[in-house]
Each structure stands twice: as structure tokens, then as C-alpha cells.
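Chemist: What follows is model_15.csv, CSV, C-alpha atoms.
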chain,number,residue,atom,x,y,z
A,1,MET,CA,-23.7,-1.7,12.8
A,2,ASP,CA,-23.6,-2.4,16.5
A,3,PRO,CA,-26.8,-0.9,18.1
A,4,LEU,CA,-24.7,0.9,20.7
A,5,GLU,CA,-22.4,2.3,18.0
A,6,GLU,CA,-25.5,3.6,16.2
A,7,LEU,CA,-26.7,5.3,19.3
A,8,ALA,CA,-23.2,6.7,19.9
A,9,GLU,CA,-23.3,8.2,16.4
A,10,ALA,CA,-26.8,9.7,17.0
A,11,LEU,CA,-25.5,11.3,20.2
A,12,ARG,CA,-22.5,12.6,18.4
A,13,ARG,CA,-24.7,14.4,15.9
A,14,ARG,CA,-26.8,15.7,18.8
A,15,LEU,CA,-23.7,17.0,20.4
A,16,ILE,CA,-22.7,18.8,17.2
A,17,GLU,CA,-26.2,20.3,16.9
A,18,ARG,CA,-26.1,21.6,20.5
A,19,ALA,CA,-22.7,23.2,19.9
A,20,ARG,CA,-23.9,24.9,16.7
A,21,ASN,CA,-27.0,26.2,18.6
A,22,GLY,CA,-24.8,27.5,21.4
A,23,SER,CA,-26.8,25.3,23.9
A,24,SER,CA,-23.8,23.3,25.1
A,25,ARG,CA,-23.0,23.8,28.8
A,26,GLU,CA,-19.8,24.5,30.6
A,27,GLY,CA,-17.6,21.7,31.9
A,28,GLY,CA,-15.8,20.3,28.9
A,29,LEU,CA,-16.6,17.7,26.3
A,30,GLU,CA,-16.7,14.7,28.6
A,31,HIS,CA,-19.1,16.4,31.0
A,32,ALA,CA,-21.3,17.5,28.1
A,33,VAL,CA,-21.3,13.9,26.7
A,34,GLY,CA,-22.1,12.5,30.2
A,35,GLU,CA,-25.1,14.8,30.5
A,36,LEU,CA,-26.3,13.9,27.0
A,37,VAL,CA,-26.0,10.1,27.7
A,38,ASP,CA,-27.9,10.5,31.0
A,39,GLU,CA,-30.7,12.3,29.2
A,40,GLN,CA,-31.0,10.1,26.1
A,41,ALA,CA,-30.0,6.7,27.4
A,42,ALA,CA,-31.3,6.6,31.0
A,43,ALA,CA,-32.6,3.1,30.4
A,44,LEU,CA,-29.1,1.6,30.0
A,45,SER,CA,-27.1,0.3,33.0
A,46,GLY,CA,-24.4,2.4,34.5
A,47,GLU,CA,-21.7,0.3,32.8
A,48,GLU,CA,-23.4,0.6,29.4
A,49,ARG,CA,-23.8,4.4,29.8
A,50,ARG,CA,-20.1,4.6,30.6
A,51,ASP,CA,-19.3,2.6,27.5
A,52,LEU,CA,-21.6,4.7,25.4
A,53,ALA,CA,-20.1,7.9,26.7
A,54,ALA,CA,-16.6,6.7,25.8
A,55,ARG,CA,-17.8,5.8,22.3
A,56,VAL,CA,-19.3,9.3,21.8
A,57,VAL,CA,-16.1,11.0,23.0
A,58,ARG,CA,-14.1,8.8,20.6
A,59,LEU,CA,-16.4,9.7,17.7
A,60,ALA,CA,-16.3,13.4,18.5
A,61,THR,CA,-12.6,13.8,19.0
A,62,GLY,CA,-11.1,11.2,16.7
A,63,LEU,CA,-12.1,10.8,13.1
A,64,GLY,CA,-15.8,11.1,13.8
A,65,PRO,CA,-18.0,8.7,11.9
A,66,LEU,CA,-14.9,7.0,10.4
A,67,GLU,CA,-13.7,5.8,13.8
A,68,PRO,CA,-15.8,2.5,13.8
A,69,LEU,CA,-14.5,1.7,10.3
A,70,LEU,CA,-10.9,2.2,11.3
A,71,GLN,CA,-11.5,0.0,14.4
A,72,ASP,CA,-13.0,-2.7,12.2
A,73,ALA,CA,-10.2,-5.3,11.5
A,74,THR,CA,-12.0,-6.5,8.4
A,75,VAL,CA,-11.9,-3.1,6.7
A,76,ASP,CA,-8.7,-2.6,4.6
A,77,GLU,CA,-9.4,0.8,3.1
A,78,VAL,CA,-11.8,3.8,3.8
A,79,MET,CA,-12.8,6.1,0.9
A,80,VAL,CA,-14.7,9.3,1.5
A,81,ASN,CA,-16.1,10.9,-1.7
A,82,GLY,CA,-17.6,14.0,-0.2
A,83,PRO,CA,-19.6,14.2,3.1
A,84,HIS,CA,-22.4,11.9,2.2
A,85,SER,CA,-20.6,9.2,0.3
A,86,VAL,CA,-18.3,6.8,2.4
A,87,TRP,CA,-17.1,3.6,0.9
A,88,ILE,CA,-14.9,0.8,2.3
A,89,GLU,CA,-12.9,-2.1,0.9
A,90,ARG,CA,-13.4,-5.4,2.7
A,91,ALA,CA,-11.8,-8.7,1.6
A,92,GLY,CA,-11.0,-7.1,-1.8
A,93,ARG,CA,-14.6,-5.9,-2.5
A,94,ILE,CA,-15.8,-2.3,-2.3
A,95,GLU,CA,-19.1,-1.6,-0.5
A,96,ARG,CA,-20.9,1.5,0.7
A,97,ALA,CA,-20.6,2.2,4.4
A,98,GLU,CA,-23.7,3.1,6.5
A,99,THR,CA,-22.2,6.3,7.8
A,100,GLY,CA,-21.4,9.8,6.6
A,101,PHE,CA,-20.7,13.4,7.7
A,102,GLU,CA,-23.3,16.0,8.5
A,103,SER,CA,-21.7,18.5,6.2
A,104,GLU,CA,-18.7,19.5,4.1
A,105,ALA,CA,-17.6,21.6,7.1
A,106,GLU,CA,-17.6,18.6,9.4
A,107,LEU,CA,-15.6,16.5,6.8
A,108,MET,CA,-13.0,19.3,6.5
A,109,HIS,CA,-12.8,19.5,10.3
A,110,THR,CA,-12.1,15.8,10.4
A,111,ILE,CA,-9.4,16.2,7.7
A,112,GLU,CA,-7.8,19.0,9.7
A,113,ARG,CA,-7.7,16.7,12.7
A,114,VAL,CA,-6.0,14.0,10.7
A,115,LEU,CA,-3.3,16.3,9.2
A,116,ALA,CA,-2.6,18.8,12.0
A,117,PRO,CA,-0.7,16.4,14.3
A,118,LEU,CA,1.4,15.4,11.2
A,119,GLY,CA,2.4,19.0,10.5
A,120,ARG,CA,0.5,19.0,7.2
A,121,ARG,CA,-2.5,20.9,5.9
A,122,VAL,CA,-4.6,21.4,2.7
A,123,ASP,CA,-6.1,24.6,1.3
A,124,GLU,CA,-6.9,26.2,-2.0
A,125,ALA,CA,-3.2,26.8,-2.7
A,126,ALA,CA,-2.2,23.2,-1.9
A,127,PRO,CA,-5.4,21.1,-2.4
A,128,LEU,CA,-3.5,17.7,-2.5
A,129,CYS,CA,-1.8,15.9,0.4
A,130,ASP,CA,-0.3,12.5,1.2
A,131,ALA,CA,0.6,11.6,4.7
A,132,ARG,CA,1.1,8.7,7.1
A,133,LEU,CA,-0.7,8.3,10.4
A,134,PRO,CA,1.3,7.3,13.5
A,135,ASP,CA,0.0,3.7,13.2
A,136,GLY,CA,1.4,3.5,9.7
A,137,SER,CA,-1.9,3.9,7.8
A,138,ARG,CA,-1.6,5.9,4.5
A,139,VAL,CA,-3.7,9.0,4.0
A,140,ASN,CA,-4.5,10.9,0.8
A,141,VAL,CA,-6.6,14.1,0.7
A,142,VAL,CA,-8.0,16.0,-2.3
A,143,ILE,CA,-10.2,19.0,-1.6
A,144,PRO,CA,-12.2,21.5,-3.8
A,145,PRO,CA,-11.7,23.0,-6.3
A,146,LEU,CA,-10.0,19.8,-7.5
A,147,ALA,CA,-12.5,17.5,-6.0
A,148,LEU,CA,-15.8,18.5,-7.5
A,149,SER,CA,-18.2,16.6,-5.2
A,150,GLY,CA,-16.6,17.6,-2.0
A,151,ALA,CA,-13.4,16.8,-0.1
A,152,CYS,CA,-12.0,13.3,-0.7
A,153,LEU,CA,-10.2,11.4,2.0
A,154,THR,CA,-8.7,7.9,1.5
A,155,ILE,CA,-7.2,5.9,4.3
A,156,ARG,CA,-5.4,2.7,3.6
A,157,LYS,CA,-5.2,0.9,6.9
A,158,PHE,CA,-1.8,-0.4,8.0
A,159,ARG,CA,-1.4,-4.2,8.6
A,160,ARG,CA,0.9,-4.6,11.5
A,161,GLN,CA,2.0,-8.1,10.5
A,162,GLY,CA,3.0,-8.6,6.8
A,163,PHE,CA,1.7,-11.5,4.8
A,164,SER,CA,4.1,-14.4,4.3
A,165,LEU,CA,4.1,-16.5,1.1
A,166,GLU,CA,2.4,-19.2,3.1
A,167,ASP,CA,-0.4,-16.7,3.9
A,168,LEU,CA,-0.8,-15.9,0.2
A,169,VAL,CA,-1.0,-19.6,-0.6
A,170,GLY,CA,-3.7,-19.9,2.1
A,171,VAL,CA,-5.9,-17.2,0.6
A,172,GLY,CA,-5.4,-18.5,-3.0
A,173,THR,CA,-3.1,-15.8,-4.4
A,174,LEU,CA,-0.7,-18.5,-5.7
A,175,PRO,CA,-0.2,-22.2,-5.5
A,176,ALA,CA,2.2,-23.7,-3.0
A,177,PRO,CA,4.8,-25.0,-5.5
A,178,LEU,CA,5.0,-21.6,-7.2
A,179,ALA,CA,5.5,-20.0,-3.8
A,180,GLU,CA,8.3,-22.4,-3.1
A,181,PHE,CA,9.9,-21.7,-6.5
A,182,LEU,CA,9.7,-17.9,-6.0
A,183,ALA,CA,11.1,-18.2,-2.5
A,184,HIS,CA,14.1,-20.1,-4.0
A,185,CYS,CA,14.5,-17.4,-6.7
A,186,VAL,CA,14.7,-14.7,-4.0
A,187,SER,CA,17.0,-16.6,-1.7
A,188,THR,CA,19.4,-17.3,-4.6
A,189,ARG,CA,19.5,-13.5,-5.3
A,190,ALA,CA,17.3,-13.3,-8.4
A,191,SER,CA,16.2,-9.7,-9.0
A,192,VAL,CA,12.4,-9.7,-9.0
A,193,LEU,CA,9.9,-7.1,-10.4
A,194,VAL,CA,6.3,-7.4,-9.2
A,195,SER,CA,3.8,-5.8,-11.7
A,196,GLY,CA,0.1,-5.2,-11.6
A,197,GLY,CA,-2.6,-2.6,-11.5
A,198,THR,CA,-3.8,-0.5,-8.7
A,199,GLY,CA,-5.2,-2.6,-5.8
A,200,SER,CA,-3.8,-5.8,-7.2
A,201,GLY,CA,-1.8,-6.6,-4.1
A,202,LYS,CA,1.7,-5.8,-5.5
A,203,THR,CA,3.0,-4.4,-2.2
A,204,THR,CA,1.6,-7.4,-0.2
A,205,THR,CA,3.3,-9.8,-2.6
A,206,LEU,CA,6.5,-7.8,-2.5
A,207,GLY,CA,6.6,-8.0,1.3
A,208,ALA,CA,5.9,-11.8,1.2
A,209,LEU,CA,8.7,-12.3,-1.3
A,210,SER,CA,11.0,-10.2,0.8
A,211,GLY,CA,10.4,-12.7,3.6
A,212,ALA,CA,12.5,-15.2,1.6
A,213,ILE,CA,15.7,-13.1,1.9
A,214,PRO,CA,18.0,-15.1,4.3
A,215,GLU,CA,18.7,-13.8,7.8
A,216,GLY,CA,22.0,-12.1,8.1
A,217,GLU,CA,21.7,-9.9,5.0
A,218,ARG,CA,21.3,-6.2,5.4
A,219,ILE,CA,18.1,-5.1,3.8
A,220,VAL,CA,17.2,-1.4,3.0
A,221,THR,CA,13.6,-0.7,2.2
A,222,ILE,CA,12.6,2.5,0.4
A,223,GLU,CA,8.9,3.6,0.2
A,224,ASP,CA,6.8,6.7,-0.4
A,225,ALA,CA,4.7,5.7,2.6
A,226,ALA,CA,6.2,2.9,4.8
A,227,GLU,CA,4.0,-0.2,4.5
A,228,LEU,CA,6.4,-3.1,4.3
A,229,ARG,CA,6.9,-5.1,7.5
A,230,LEU,CA,9.8,-7.4,7.0
A,231,ARG,CA,10.5,-10.1,9.6
A,232,GLN,CA,14.2,-10.2,9.3
A,233,ARG,CA,16.2,-8.6,12.1
A,234,HIS,CA,18.6,-6.4,10.0
A,235,VAL,CA,16.3,-4.1,8.1
A,236,VAL,CA,16.7,-0.4,7.5
A,237,ARG,CA,13.5,1.4,6.6
A,238,LEU,CA,13.6,4.6,4.6
A,239,GLU,CA,10.6,6.8,3.7
A,240,SER,CA,10.5,9.7,1.2
A,241,ARG,CA,9.4,13.1,2.5
A,242,PRO,CA,7.3,15.7,0.7
A,243,ALA,CA,8.1,19.4,0.8
A,244,ASN,CA,7.0,21.4,3.8
A,245,LEU,CA,4.5,24.3,3.8
A,246,GLU,CA,7.3,26.6,2.5
A,247,GLY,CA,8.1,24.2,-0.4
A,248,ARG,CA,11.4,23.0,1.1
A,249,GLY,CA,12.8,19.8,2.6
A,250,GLU,CA,11.6,17.3,0.0
A,251,VAL,CA,13.4,14.0,-0.1
A,252,THR,CA,12.6,11.8,-3.1
A,253,ILE,CA,12.6,8.1,-3.7
A,254,ARG,CA,15.5,8.7,-6.2
A,255,GLN,CA,17.6,10.4,-3.5
A,256,LEU,CA,16.9,7.6,-1.1
A,257,VAL,CA,17.9,4.9,-3.7
A,258,ARG,CA,21.2,6.8,-4.3
A,259,ASN,CA,21.8,7.1,-0.6
A,260,ALA,CA,21.0,3.4,0.0
A,261,LEU,CA,24.0,2.5,-2.1
A,262,ARG,CA,26.2,4.1,0.5
A,263,MET,CA,24.7,2.1,3.3
A,264,ARG,CA,26.3,-1.2,2.4
A,265,PRO,CA,23.0,-3.0,1.5
A,266,ASP,CA,22.9,-6.6,0.6
A,267,ARG,CA,19.4,-6.1,-0.8
A,268,ILE,CA,17.4,-3.0,-1.7
A,269,VAL,CA,13.6,-3.3,-1.7
A,270,VAL,CA,11.8,-0.3,-3.3
A,271,GLY,CA,8.1,-0.2,-2.7
A,272,GLU,CA,7.3,1.1,-6.1
A,273,VAL,CA,9.3,2.7,-9.0
A,274,ARG,CA,7.3,5.4,-10.6
A,275,GLY,CA,9.9,7.9,-11.8
A,276,ALA,CA,13.5,8.6,-12.5
A,277,GLU,CA,14.6,6.4,-9.6
A,278,ALA,CA,14.1,3.4,-12.0
A,279,LEU,CA,17.4,4.3,-13.6
A,280,ASP,CA,19.2,4.3,-10.2
A,281,MET,CA,17.6,1.0,-9.4
A,282,LEU,CA,18.8,-0.5,-12.6
A,283,MET,CA,22.3,0.8,-12.0
A,284,ALA,CA,22.3,-0.7,-8.5
A,285,LEU,CA,21.2,-4.1,-9.8
A,286,ASN,CA,24.0,-4.0,-12.4
A,287,THR,CA,26.7,-3.0,-9.9
A,288,GLY,CA,26.7,-5.8,-7.3
A,289,HIS,CA,23.2,-5.4,-5.7
A,290,GLU,CA,21.5,-8.2,-7.5
A,291,GLY,CA,18.6,-9.9,-5.6
A,292,SER,CA,16.8,-6.6,-5.0
A,293,LEU,CA,13.0,-6.3,-5.4
A,294,THR,CA,10.5,-3.6,-6.5
A,295,THR,CA,7.1,-3.1,-8.0
A,296,VAL,CA,5.7,-1.2,-11.0
A,297,HIS,CA,2.2,-0.4,-12.4
A,298,ALA,CA,1.7,-2.4,-15.6
A,299,ASN,CA,-0.7,-4.7,-17.4
A,300,SER,CA,1.6,-7.6,-18.2
A,301,PRO,CA,5.2,-8.7,-17.7
A,302,THR,CA,6.2,-7.3,-21.1
A,303,ASP,CA,4.4,-4.0,-20.3
A,304,ALA,CA,6.3,-4.0,-17.0
A,305,LEU,CA,9.7,-4.0,-18.7
A,306,ARG,CA,8.6,-1.3,-21.2
A,307,ARG,CA,7.3,0.8,-18.2
A,308,VAL,CA,10.7,0.5,-16.4
A,309,GLU,CA,12.4,1.6,-19.6
A,310,THR,CA,10.2,4.6,-19.9
A,311,LEU,CA,10.7,5.6,-16.2
A,312,ALA,CA,14.4,5.3,-16.6
A,313,LEU,CA,14.4,7.6,-19.5
A,314,MET,CA,12.7,10.2,-17.3
A,315,ALA,CA,16.0,10.6,-15.5
A,316,GLY,CA,17.1,12.8,-18.4
A,317,VAL,CA,20.8,11.7,-18.3
A,318,GLY,CA,21.1,11.4,-22.1
A,319,LEU,CA,21.4,7.7,-22.3
A,320,PRO,CA,20.1,6.3,-25.5
A,321,HIS,CA,17.0,4.0,-25.4
A,322,ALA,CA,19.1,1.0,-26.5
A,323,ALA,CA,21.4,1.5,-23.5
A,324,ILE,CA,18.4,1.6,-21.1
A,325,ARG,CA,17.0,-1.6,-22.6
A,326,GLU,CA,20.4,-3.3,-22.2
A,327,GLN,CA,20.4,-2.2,-18.5
A,328,VAL,CA,16.9,-3.7,-18.0
A,329,ALA,CA,18.0,-7.0,-19.7
A,330,SER,CA,21.0,-7.2,-17.4
A,331,ALA,CA,19.4,-6.1,-14.2
A,332,LEU,CA,16.1,-8.1,-13.9
A,333,ASP,CA,15.6,-11.8,-13.7
A,334,LEU,CA,11.9,-12.4,-13.0
A,335,VAL,CA,8.6,-10.6,-13.4
A,336,VAL,CA,5.7,-11.6,-11.2
A,337,HIS,CA,2.4,-10.3,-12.5
A,338,GLN,CA,-0.6,-10.0,-10.3
A,339,ALA,CA,-4.2,-9.0,-10.8
A,340,ARG,CA,-7.4,-8.4,-8.9
A,341,ALA,CA,-10.5,-10.5,-9.9
A,342,PRO,CA,-14.0,-9.0,-10.0
A,343,ASP,CA,-14.8,-10.8,-6.7
A,344,GLY,CA,-11.9,-8.9,-5.0
A,345,SER,CA,-9.5,-11.8,-4.8
A,346,ARG,CA,-5.9,-11.2,-5.8
A,347,THR,CA,-4.1,-13.8,-8.0
A,348,VAL,CA,-0.6,-14.2,-9.4
A,349,GLU,CA,-1.6,-14.5,-13.1
A,350,SER,CA,1.8,-15.1,-14.6
A,351,VAL,CA,5.5,-15.4,-13.9
A,352,ALA,CA,8.0,-14.6,-16.6
A,353,GLU,CA,11.8,-14.7,-16.9
A,354,VAL,CA,13.6,-11.8,-18.4
A,355,VAL,CA,15.4,-12.8,-21.6
A,356,ARG,CA,17.6,-11.0,-24.0
A,357,VAL,CA,16.0,-10.3,-27.4
A,358,ALA,CA,17.0,-8.1,-30.3
A,359,GLY,CA,17.2,-4.6,-29.1
A,360,GLY,CA,17.1,-5.3,-25.3
A,361,ALA,CA,14.9,-7.2,-22.9
A,362,GLY,CA,11.9,-9.4,-23.4
A,363,THR,CA,9.9,-11.9,-21.4
A,364,ARG,CA,9.3,-15.6,-21.6
A,365,ASP,CA,6.4,-17.0,-19.5
A,366,LEU,CA,7.3,-19.6,-17.0
A,367,TYR,CA,3.9,-19.9,-15.2
A,368,GLY,CA,0.4,-19.0,-16.0
A,369,LEU,CA,-3.3,-19.9,-15.7
A,370,ARG,CA,-5.1,-21.6,-18.6
A,371,GLY,CA,-8.8,-22.4,-18.0
A,372,GLY,CA,-8.2,-21.8,-14.3
A,373,ARG,CA,-5.5,-24.5,-14.2
A,374,PRO,CA,-1.8,-23.7,-13.7
A,375,TRP,CA,0.9,-24.5,-16.3
A,376,TRP,CA,4.6,-24.1,-16.2
A,377,ARG,CA,7.9,-24.6,-18.0
A,378,PRO,CA,11.5,-24.3,-16.9
A,379,PRO,CA,13.6,-21.2,-17.4
A,380,VAL,CA,16.1,-21.0,-20.2
A,381,ALA,CA,17.6,-17.5,-19.5
A,382,SER,CA,21.2,-18.5,-18.6
A,383,GLU,CA,21.4,-16.1,-15.6
A,384,LEU,CA,18.3,-17.4,-13.9
A,385,ALA,CA,18.7,-21.0,-14.8
A,386,THR,CA,22.3,-21.0,-13.5
A,387,ARG,CA,21.3,-19.2,-10.3
A,388,LEU,CA,18.5,-21.6,-9.5
A,389,GLU,CA,20.6,-24.8,-10.0
A,390,ARG,CA,17.4,-27.0,-10.0
A,391,PRO,CA,14.3,-27.2,-12.2
A,392,PHE,CA,10.7,-26.4,-11.6
A,393,ASP,CA,8.7,-28.7,-9.4
A,394,PRO,CA,6.4,-30.7,-11.8
A,395,ALA,CA,3.6,-30.3,-9.2
A,396,LEU,CA,3.1,-26.8,-10.7
A,397,ASN,CA,1.4,-28.5,-13.7
A,398,GLY,CA,-1.2,-30.0,-11.4
A,399,SER,CA,-0.1,-33.5,-12.6
Have the structure of the file written as C-alpha cells, please.
Modeler:
Amino acid sequence: MDPLEELAEALRRRLIERARNGSSREGGLEHAVGELVDEQAAALSGEERRDLAARVVRLATGLGPLEPLLQDATVDEVMVNGPHSVWIERAGRIERAETGFESEAELMHTIERVLAPLGRRVDEAAPLCDARLPDGSRVNVVIPPLALSGACLTIRKFRRQGFSLEDLVGVGTLPAPLAEFLAHCVSTRASVLVSGGTGSGKTTTLGALSGAIPEGERIVTIEDAAELRLRQRHVVRLESRPANLEGRGEVTIRQLVRNALRMRPDRIVVGEVRGAEALDMLMALNTGHEGSLTTVHANSPTDALRRVETLALMAGVGLPHAAIREQVASALDLVVHQARAPDGSRTVESVAEVVRVAGGAGTRDLYGLRGGRPWWRPPVASELATRLERPFDPALNGS
């Protein structure tokens, strides 16, 4: 940590201690910080003392010891597991941060400062909360009695500029020929499902694939917490809304998907299907809105299709399982499966076309990694093969 930042953190703690002891003086926070800096850092130059005072105020009024982490561009996620356990994710790897809170009370005070401007709160009656900061960062809070080791605060920082497929090629997520193939699939209106586990980079890849949608098409994005940053000009961004403190006003992803169909979309991009909205998404894809994209939590392309079927059944409309499977087979063209390696890197492990099999939808791998080397084969599913109009690039085989 920057020595000046360490000193600022020490002075912040001293400021809190003075406030608790009732020894803080009149004149407001900035005056109190100025006096403290003059007392404890007299050896610094006037400019350094002003910089130090500004840092102390920021730490005391913002998110306390988390402020330097949120200002650090290399930190992607901040995870607080109680007052004395703060972790960060940097370049896909989790590491412990050299900071913490004085007490559970200080942590709770910070959580209140996060949620209050957003009109949200947590207490014993409602110990869970999801929210989005003004800069787009996602916040999740869990407090006791659900969190046994103290309040938990997770902040996924918002990236102002989304990754392009070229960016993902640059960081090794997928090879350039595969990126070109997927871009062609998207531009020719193939419907793509991105699957993977938590933290595998599904949303990042979804955003990159969305960049291949041609200009001039009307795109409607639907998310729980708005993360996607599409570069096209004609984009309508929708975000679900939780119930208010009185339990009213909730707007679900499913409601937004249904409403999107009335907005004359060319493409619908759903950040993640995790409930009954899966059925509405399938219906949309089968009624003239092909070329849409979404993600789902799953361990493989085949698991991804089964997961979508299960979620669609949650809609409770009485459709038989066979009918749902038929919807899946008709709606989806391609599954892109992504995983996070132990070293934190994210990689597209496989790409599969959706094919019709006895009883519904199945998958046939088009791309994968064998011994660290990519392999490929051309699609045979009539819908995808017809749409693409040209075969795979042999460069995918590394030959």
C-alpha cells in the first residue's frame, strides 16, 4: 500500500477513536482532520498535508478502508467477510487485502452509507440486499443472523468500457479464428446461450458477443443489475427492481422480457436467465426474435440446455416437458461454454451447436480444447449451417 495511504488509514482510525472518546473538537470533519494532520504529520510539506487530509476525509466519509480498493483500477471485486476479513479479486485471482474495519459497528455503518442513498436498508427483518451504486457497481449485503461471522459486503466493480471479442482474444479467452466465427454467428442472427460457473466471465463474453450485432438494429438489454455496456447506438437498457421496504413495486426479469416484446426489438439480450423468464425467452426466440443472447449457470453445454428446460418448467403454465424440450431445440442455435482456470484466467472451453435428438434438444461439439490445443469441426444442424453460409476457418485446428 502507498505509504501516504497507510498514514491516512491510521489517521482515520485515530479520528474514530477521538470521536468515540468525545475528544473531537468543534468545527466539522474537515477542520478536525486538518488539526489531526497538523499534529501527526507536521514533517510533511504543505501540499503533502493537504493531500493527506483529503485522503483521510475520503476514507472517513466514503466507504472507509474500502475506498483505496475501489479506486484501484486493477481490483475487480471487493469481498468483506466480517470486519477483519477483506478479500479482493485481481486479474481473476483472489487475495487477502491489507485492510479491515475496527469493529462490526464500523462495518455496519459503512454498509448503511452504501445503501442509504439508494433508498435501501438491511436489518434483522430483511437481512439480504442487492443494489447498484451510481457508478454501476453491483453490491450484495448479508448481515447476521444469516451471516455467522459478521456482516458480508460484496462489491463487483463496474467496468465503464465493455470488452470486445478482440480484447478477449488478447487476454487468451479464445483464439482469433473462433472469435471471428462467433461474431459471424451473431451477425447472421444465430441465437446464442453462454454457459459457465460463477465468476467464469459469462457476462463479459455476452457483452463481447453482443458487439457483433450490426448497427441499425434495435437492441433491448435486460439485467438484474445493469452491467452490459454495448457500443451500438440503438440500445435500450432495462433493469429489474426489487420490492421496496413495504414489499411493493417489484419488477422481475420475466416482466421485463414480456414487456420487451412490445418494444419492437430486433435483439433481446438477457444478462442471465435464472427463473421462469426462461420460458418467455424461448417463446420470443420462436416467434421472430431469433439472434438474441443470454447466459445461464451450467457445467457444460448439455447441462446448459437441461438447465434452461428446468427453468422454463418453473413458469408453471402446464406445458409438458416434451413441449419445453421442443421449444429449446427450436429456439437455440449455439452454446458457448466458459470456465475459470485455477490461475484465474477465463477460457472458452467448448462451443456446441444445438441439434434435434429423440425427445428434444441435444448438443454437438464444434470446438474444444484437447491437450491445450484447439480442435474444431463444421456444424451439421441445418438451421445453423444454413444461416452461416460458409464453413469453419481451418486455422481453428492450429494447422
Chemist: If you measure from CA of Glu227 (chain A) to CA of Arg267 (chain A), what distance in Å do you get, rounded to one decimal?
Modeler: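 One can read the CA of Glu227 (chain A) to CA of Arg267 (chain A) distance as 17.3 Å.
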Chemist: Can you list, as a list in words, every protein, DNA or RNA residue that comes within 8 Å of Gly136 (chain A) when you count only C-alpha atoms, leaving out same-chain residues fewer than 2 positions away?
Modeler: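 My reading of the contact set: Arg132, Leu133, Pro134, Arg138, Lys157, Phe158, Ala226 and Glu227 of chain A.
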Chemist: Find the residues around Gly170 (chain A) up to 12 Å (all atoms listed in the file counted), leave out those fewer than 6 positions away in its own chain, and share them as a list in words.
Modeler: Phe163, Ser164, Ala176, Ala179, Arg346 and Thr347 of chain A
Chemist: Find the residue from A:Arg13, A:Arg254, A:Arg340, A:His289 that sits nearest to Ile268 (chain A); use all atoms listed in the file when measuring.
Modeler: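 Residue with the minimum atom-to-atom distance to Ile268 (chain A): A:His289.
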Chemist: Enter the distance from CA of Glu180 (chain A) to CA of Gly207 (chain A), in Å, rounded to one decimal.
Modeler: 15.2 Å
Chemist: May I ask which of the residues A:Glu35, A:Gly372, A:Leu128, A:Leu69 is the closest one to Pro144 (chain A), counting only C-alpha atoms?
Modeler: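 Closest to Pro144 (chain A) of all the choices is A:Leu128.
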